[in-house]
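So the structure is just underneath, and the comments pick up after that.
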Amino acid sequence: MSASGTGLGPRVGETVERFELEKAWLVDPVSGREGAGEIVVVDGVLESVNWLEGDEAAGVDDRGVVVAPGFLDLHVHFREPGFEDAETVASGCAAAAHGGFTAVALMANTSPALDEPGVLERIRLAARASGSPVEVHAYGAVSAARGGEQLSAMGELADAGVLGFSDDGAPVKTGRLLRSALIYAGMLGRPIVEHAEDTDLTAGAEAHEGYVASVLGLAGWPAAAEANAISRDIAILADALGDEPRARLHLTHVSTAAGLELVRRAQASGLPVTCDVTPHHLAFMDEWIAGSRRWAWEALGPDGAARDPWADGVLTATPYNTSLRVNPPLATAPDAAACLAALIDGTASAVATDHAPHTTVDKEVEFGRASNGISGIETALGVLLALVDAGKLPLVRAIAALTSGPASVVTGWAGNAGSAAARPRGLVEGAPADLVVFDRSDSWQVSEGSLRSKGKNSPLLGRLLPGRVLLTIAAGRLAYEDPQAGED
Amino acid sequence: MAVSVTAEAKPQAPVAWRHRHLIDLDVVTWPEIELIMRTTAEMKGVLARPIRKVPALMGRRVTTLFYEASTRTRVSFETAARNLSADVVSVAPATSSVTKGESLVDTIRTLEALGAEILVMRHSVSGAPYLAAEIFGGHILNGGDGWHAHPTQALLDLYTMREHLPGGDLRGRKVVIVGDVLHSRVARSNIWSLTAAGADLWLCGPATLLRGFERWAGAWSAGTIPGHGRFNVTSDVDAAIRDADVVMALRIQRERMESGLLPSLREYAARFGLNAERVSLAKPEAIVMHPGPMNEGVEIAPDVAISGRAVITEQVTNGVAVRMALLYLLAGTHVEGHTEIIR
């Protein structure tokens with residue numbers, strides 16, 4: 001990297017006065033353009049984006065230093081207020097910036113739940129106090145105290161600027177409440193962001209029902225649990241639209257082939273439903289619980305069926321690692337392939353991390369008693385770049401899934417027209433610099449020390465991931481700088 | 001290590017025991033299972049003596065930690081340890097600080113600090129012994145975890161079958177396990193050992209209690225699992241038992257009706273219970289097994305349980321011998337300088 005700005009000077013939160021990057025690979029997911037180029041940031045503004053042609057571009061390719069717009073994560077848990085030993089807004093923002101994210105949307109399952117504007121105000125104060133320039137957005141709860149009985153203070157929350165409403169961690173409890181919520185939130189120009197799970201089918205379940213769970217003696221979580229919930233949600237959306245045409249449904253962390261197919265069909269019939277997939281459902285599988293650590297795309301047989309990890313002799317890690325306990329559970333290689341196919345054909349608009357940090361107290365327990373969730377905001381880019389390296393996903397599509405893709409989802413929610421989260425996320429000259437610089441020729445090791453999140457519950461601990469993030473600038477201010485930058 | 005059962009009973013082991021823990025049989029090779037079988041035979045020799053005690057584990061510390069109520073398995077392990085002259089500490093979580101919310105990890109660290117060397121553990125959650133093995137400096141011997149594994153039961157089952165089959169050879173012998181396969185750690189561990197032994201294994205029960213096993217059997221049907229053959233899954237109990245060499249019943253629990261998996265115990269007994277008529281479909285010399293405790297009149301008829309074919313009390317005796325063998329083998333595994341195999 002030939003940055004005249006190495007040893008930038010500014011600390012996190014300070015305006016980047018001058019940063020120049022020559023001969024890097026620029027990716028603009030909004031125009032779809034990628035190629036050799038140079039950027040200059042002056043006083044926090046992206047002063048110039050200069051695409052190089054011909055001889056000037058010689059020696060620059062997409063395998064080295066890459067510049068992309070800052071990432072937007074539609075689904076994170078920063079645990080504040082209530083669970084500050086697992087994560088805080090400050091530690092979450094530091095983790096986000098390390099992962100290349102400049103904007104995040106926080107889920108409402110805090111304690112107290114984010115069901116009235118006071119809690120949102122508290123989160124905003126924490127974000128301001130952190131000094132991080134990462135944009136902190138939030139969803140309000142659908143129901144008061146996420147109890148699934150009464151609506152939250154939806155109107156006041158919308159006035160205060162929530163992006164939408166979600167009882168994530170659990171589905172909206174009843175069809176009756178979901179119908180009201182879709183209509184009322186639609187009136188406010190906001191979506192219902194739904195965690196699709198039939199909790200009756202998943203009572204006591206520990207792992208995706210199938211071969212691996214059978215061998216490991218783990219209670220099966222049927223794929224029908226997601227499909228059944230998505231069917232309910234889509235049917236109720238179709239009904240609610242008759243009363244409120246602005247009703248919107250976003251299904252988060254869709255994880256199974258059956259679930260994604262239902263979304264695809266609903267979209268084809270014209271229903272305003274969007275969805276996202278997670279990095280872990282794209283890349284990990286249930287066989288990791290048995291000790292496998294190969295990527296999901298390495299576990300597909302030539303016929304598209306899952307290969308057998310016992311036959312392949314790939315069970316190298318200790319089984320029942322609780323960092324793999326997640327909701328929805330890790331499924332099979334064909335399900336992961338379906339997540340990728342949905343991302344490529346546009347059924348899924350975005351990759352969202354469902355970053356779910358937990359303390360060791362909640363994870364250093366028996367598998368079936370561990371809290372659900374993976375600390376994933378810092379490893380999302382590396383996982384997507386592993387897909388790119390394997391030739392499964394073009395680089396520009398991987399970047400789009402983290403930038404223009406999630407932005408387009410927010411743009412579809414009319415009430416957020418003025419929100420910073422609805423920016424299209426391209427490389428725009430003259431706008432505040434909001435970008436990430438990472439080096440595809442360099443890797444980094446995931447470790448308890450390298451993760452900025454308080455949540456060390458990552459199944460990738462010890463693993464080398466491609467794409468070291470060198471610099472993250474959010475709204476013209478320094479969000480993250482690689483500690484090794486400038487030491488060469 | 002310098003222990004010997006007796007001069008003549010010292011195991012002649014062409015295969016070295018290399019496992020630090022015994023949690024499941026998935027990582028135990030057939031030659032290692034044969035080593036366990038030979039060592040068990042020597043321990044049975046000890047049990048045949050008037051004084052059933054040898055000094056092999058003199059001064060070694062064995063702790064039993066049973067999170068699930070189990071009289072017979074715990075007593076079997078403790079008897080095995082005492083027969084080897086080990087010092088035995090028995091931790092009953094109902095009367096320990098576990099009831100005050102102490103985590104498994106804290107409990108294991110405490111027991112290690114108190115000097116536990118070999119920890120015999122039973123737990124209701126699948127995989128719990130792997131968590132214990134991550135932090136425990138000694139040896140873990142799994143006494144049953146959740147639905148996952150019960151390796152000493154599978155090994156005593158195997159030993160008992162070998163005693164009754166010509167040449168102790170299970171290759172091609174039809175073994176049928178009937179009952180609540182879905183919730184059974186006994187069935188799961190038996191799949192590993194019996195497919196390694198080359199048996200013609202059949203798992204049988206109501207379809208609701210076989211869920212997932214069709215897929216497992218399908219995955220193994222290609223014969224691609226190193227060291228393990230294929231097995232069969234069926235709800236046709238008569239076809240499963242016909243010409244069997246071994247018929248094993250599994251315990252049916254009342255909770256299965258409450259969770260909607262079975263209409264009634266009466267219907268189960270009628271359709272899947274081992275009664276005399278059904279058992280007569282097996283070979284004339286077939287043996288009938290049960291891991292206990294039995295629900296007589298449900299999964300096994302009282303007359304079958306006490307018939308000449310039943311080897312249920314032999315299983316109990318062999319259980320002590322198998323557990324002596326495993327304690328002996330594990331105690332001889334030095335923590336330093338050997339290949340550590342947790343999985």
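If you're wondering about the labels, chains in the structure tokens are A, B, ... by order shown, residues count from 1 in each chain, ligands from 1 in order shown.
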
Find the residues of chain A in contact range of chain B, meaning any atom within 6 Å when counting only C-alpha atoms, and list them as a PyMOL selection string.
chain A and resi 210-211+214+216-217+311+320+366

Selection from above, C-alpha atoms, as a PDB file, in the first residue's frame, can you write it?
```pdb
ATOM      1  CA  GLY A 210     -30.190 -34.388  10.245  1.00  0.00           C
ATOM      2  CA  TYR A 211     -27.272 -36.760  10.029  1.00  0.00           C
ATOM      3  CA  SER A 214     -28.371 -37.851  14.940  1.00  0.00           C
ATOM      4  CA  LEU A 216     -24.013 -36.495  18.058  1.00  0.00           C
ATOM      5  CA  GLY A 217     -27.212 -37.207  19.985  1.00  0.00           C
ATOM      6  CA  ALA A 311     -15.939 -40.598   5.636  1.00  0.00           C
ATOM      7  CA  TYR A 320     -19.650 -29.654  20.728  1.00  0.00           C
ATOM      8  CA  GLU A 366     -22.606 -27.762  28.107  1.00  0.00           C
TER       9      GLU A 366
END
```

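Near Lys23 of chain A, within 7 Å and counting only C-alpha atoms, sit Leu21, Trp25, Ala36, Gly37, Glu38 and Val60 of chain A, not including residues fewer than 2 positions from it in the same chain.
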
Looking at B:Ala249, B:Leu170, B:Val322, B:Ala199, which one is nearest to Glu296 of chain B, with distances taken over only C-alpha atoms?
B:Ala249

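The space between atom CA of Pro466 of chain A and atom CA of Thr102 of chain A spans 19.8 Å.
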
If you run DSSP over the backbone, which residues in segment 154-267 of chain B end up alpha helix (DSSP H)? Put them as a ChimeraX atom specification.
/B:154-164,185-197,213-220,237-241,255-258,265-267

Strand (DSSP E or B) per DSSP on the backbone: members of segment 128-244 of chain B, as a ChimeraX atom specification
/B:139-145,149,174-178,200-204,232-234

Selection above as a file: N, CA and C atoms, as a PDB file, in the first residue's frame:
```pdb
ATOM      1  N   HIS B 139      -8.010 -38.020  33.477  1.00  0.00           N
ATOM      2  CA  HIS B 139      -8.692 -38.832  32.471  1.00  0.00           C
ATOM      3  C   HIS B 139     -10.202 -38.783  32.693  1.00  0.00           C
ATOM      4  N   ILE B 140     -10.938 -38.636  31.593  1.00  0.00           N
ATOM      5  CA  ILE B 140     -12.395 -38.676  31.671  1.00  0.00           C
ATOM      6  C   ILE B 140     -12.860 -40.034  31.143  1.00  0.00           C
ATOM      7  N   LEU B 141     -13.694 -40.700  31.922  1.00  0.00           N
ATOM      8  CA  LEU B 141     -14.328 -41.944  31.471  1.00  0.00           C
ATOM      9  C   LEU B 141     -15.828 -41.675  31.445  1.00  0.00           C
ATOM     10  N   ASN B 142     -16.377 -41.709  30.254  1.00  0.00           N
ATOM     11  CA  ASN B 142     -17.780 -41.325  30.073  1.00  0.00           C
ATOM     12  C   ASN B 142     -18.719 -42.417  30.573  1.00  0.00           C
ATOM     13  N   GLY B 143     -19.538 -42.062  31.547  1.00  0.00           N
ATOM     14  CA  GLY B 143     -20.554 -42.987  32.045  1.00  0.00           C
ATOM     15  C   GLY B 143     -21.916 -42.724  31.433  1.00  0.00           C
ATOM     16  N   GLY B 144     -21.927 -41.994  30.300  1.00  0.00           N
ATOM     17  CA  GLY B 144     -23.181 -41.694  29.608  1.00  0.00           C
ATOM     18  C   GLY B 144     -23.428 -40.203  29.544  1.00  0.00           C
ATOM     19  N   ASP B 145     -23.587 -39.672  28.320  1.00  0.00           N
ATOM     20  CA  ASP B 145     -23.896 -38.239  28.162  1.00  0.00           C
ATOM     21  C   ASP B 145     -25.098 -38.069  27.243  1.00  0.00           C
ATOM     22  N   ALA B 149     -23.634 -40.846  23.980  1.00  0.00           N
ATOM     23  CA  ALA B 149     -22.741 -42.000  24.054  1.00  0.00           C
ATOM     24  C   ALA B 149     -22.776 -42.656  25.426  1.00  0.00           C
ATOM     25  N   LYS B 174     -26.428 -61.433  13.080  1.00  0.00           N
ATOM     26  CA  LYS B 174     -27.518 -60.454  13.080  1.00  0.00           C
ATOM     27  C   LYS B 174     -27.826 -59.998  14.507  1.00  0.00           C
ATOM     28  N   VAL B 175     -27.624 -58.707  14.742  1.00  0.00           N
ATOM     29  CA  VAL B 175     -27.897 -58.107  16.043  1.00  0.00           C
ATOM     30  C   VAL B 175     -29.012 -57.086  15.851  1.00  0.00           C
ATOM     31  N   VAL B 176     -30.082 -57.216  16.614  1.00  0.00           N
ATOM     32  CA  VAL B 176     -31.175 -56.259  16.486  1.00  0.00           C
ATOM     33  C   VAL B 176     -31.392 -55.536  17.812  1.00  0.00           C
ATOM     34  N   ILE B 177     -31.467 -54.218  17.720  1.00  0.00           N
ATOM     35  CA  ILE B 177     -31.721 -53.369  18.890  1.00  0.00           C
ATOM     36  C   ILE B 177     -33.105 -52.764  18.697  1.00  0.00           C
ATOM     37  N   VAL B 178     -34.013 -53.056  19.651  1.00  0.00           N
ATOM     38  CA  VAL B 178     -35.411 -52.652  19.507  1.00  0.00           C
ATOM     39  C   VAL B 178     -35.786 -51.658  20.593  1.00  0.00           C
ATOM     40  N   ASP B 200     -24.199 -57.687  11.522  1.00  0.00           N
ATOM     41  CA  ASP B 200     -25.318 -57.282  10.666  1.00  0.00           C
ATOM     42  C   ASP B 200     -26.323 -56.599  11.591  1.00  0.00           C
ATOM     43  N   LEU B 201     -26.134 -55.299  11.773  1.00  0.00           N
ATOM     44  CA  LEU B 201     -26.861 -54.567  12.803  1.00  0.00           C
ATOM     45  C   LEU B 201     -28.188 -54.027  12.279  1.00  0.00           C
ATOM     46  N   TRP B 202     -29.224 -54.224  13.079  1.00  0.00           N
ATOM     47  CA  TRP B 202     -30.565 -53.699  12.761  1.00  0.00           C
ATOM     48  C   TRP B 202     -31.045 -52.866  13.936  1.00  0.00           C
ATOM     49  N   LEU B 203     -31.495 -51.644  13.619  1.00  0.00           N
ATOM     50  CA  LEU B 203     -32.133 -50.798  14.629  1.00  0.00           C
ATOM     51  C   LEU B 203     -33.617 -50.774  14.331  1.00  0.00           C
ATOM     52  N   CYS B 204     -34.421 -50.997  15.361  1.00  0.00           N
ATOM     53  CA  CYS B 204     -35.853 -51.160  15.133  1.00  0.00           C
ATOM     54  C   CYS B 204     -36.653 -50.439  16.208  1.00  0.00           C
ATOM     55  N   ASN B 232     -28.829 -51.294   9.354  1.00  0.00           N
ATOM     56  CA  ASN B 232     -30.200 -51.202   8.843  1.00  0.00           C
ATOM     57  C   ASN B 232     -31.119 -50.550   9.865  1.00  0.00           C
ATOM     58  N   VAL B 233     -32.143 -49.886   9.356  1.00  0.00           N
ATOM     59  CA  VAL B 233     -33.133 -49.233  10.210  1.00  0.00           C
ATOM     60  C   VAL B 233     -34.511 -49.653   9.719  1.00  0.00           C
ATOM     61  N   THR B 234     -35.358 -50.126  10.631  1.00  0.00           N
ATOM     62  CA  THR B 234     -36.691 -50.562  10.203  1.00  0.00           C
ATOM     63  C   THR B 234     -37.697 -50.437  11.348  1.00  0.00           C
TER      64      THR B 234
END
```

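One distance worth recording is that between atom CA of Tyr480 of chain A and atom CA of Gly35 of chain A, which is 24.2 Å.
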
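Using only C-alpha atoms, the smallest distance between any of A:Arg63, A:Arg18, A:His281, A:Arg11 and Pro328 of chain A comes from A:His281.
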
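Interatomic distance, atom CA of Val65 of chain A to atom CA of Arg468 of chain A: 9.3 Å.
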
Contact residues around Arg463 of chain A with only C-alpha atoms at 12 Å, ignoring same-chain residues under 2 positions, as a list in words:
Arg293, Arg294, Ala317, Thr379, Gly382, Val383, Ser443, Trp444, Gln445, Val446, Ser447, Glu448, Ser450, Ser458, Pro459, Leu460, Leu461, Leu465 and Pro466 of chain A
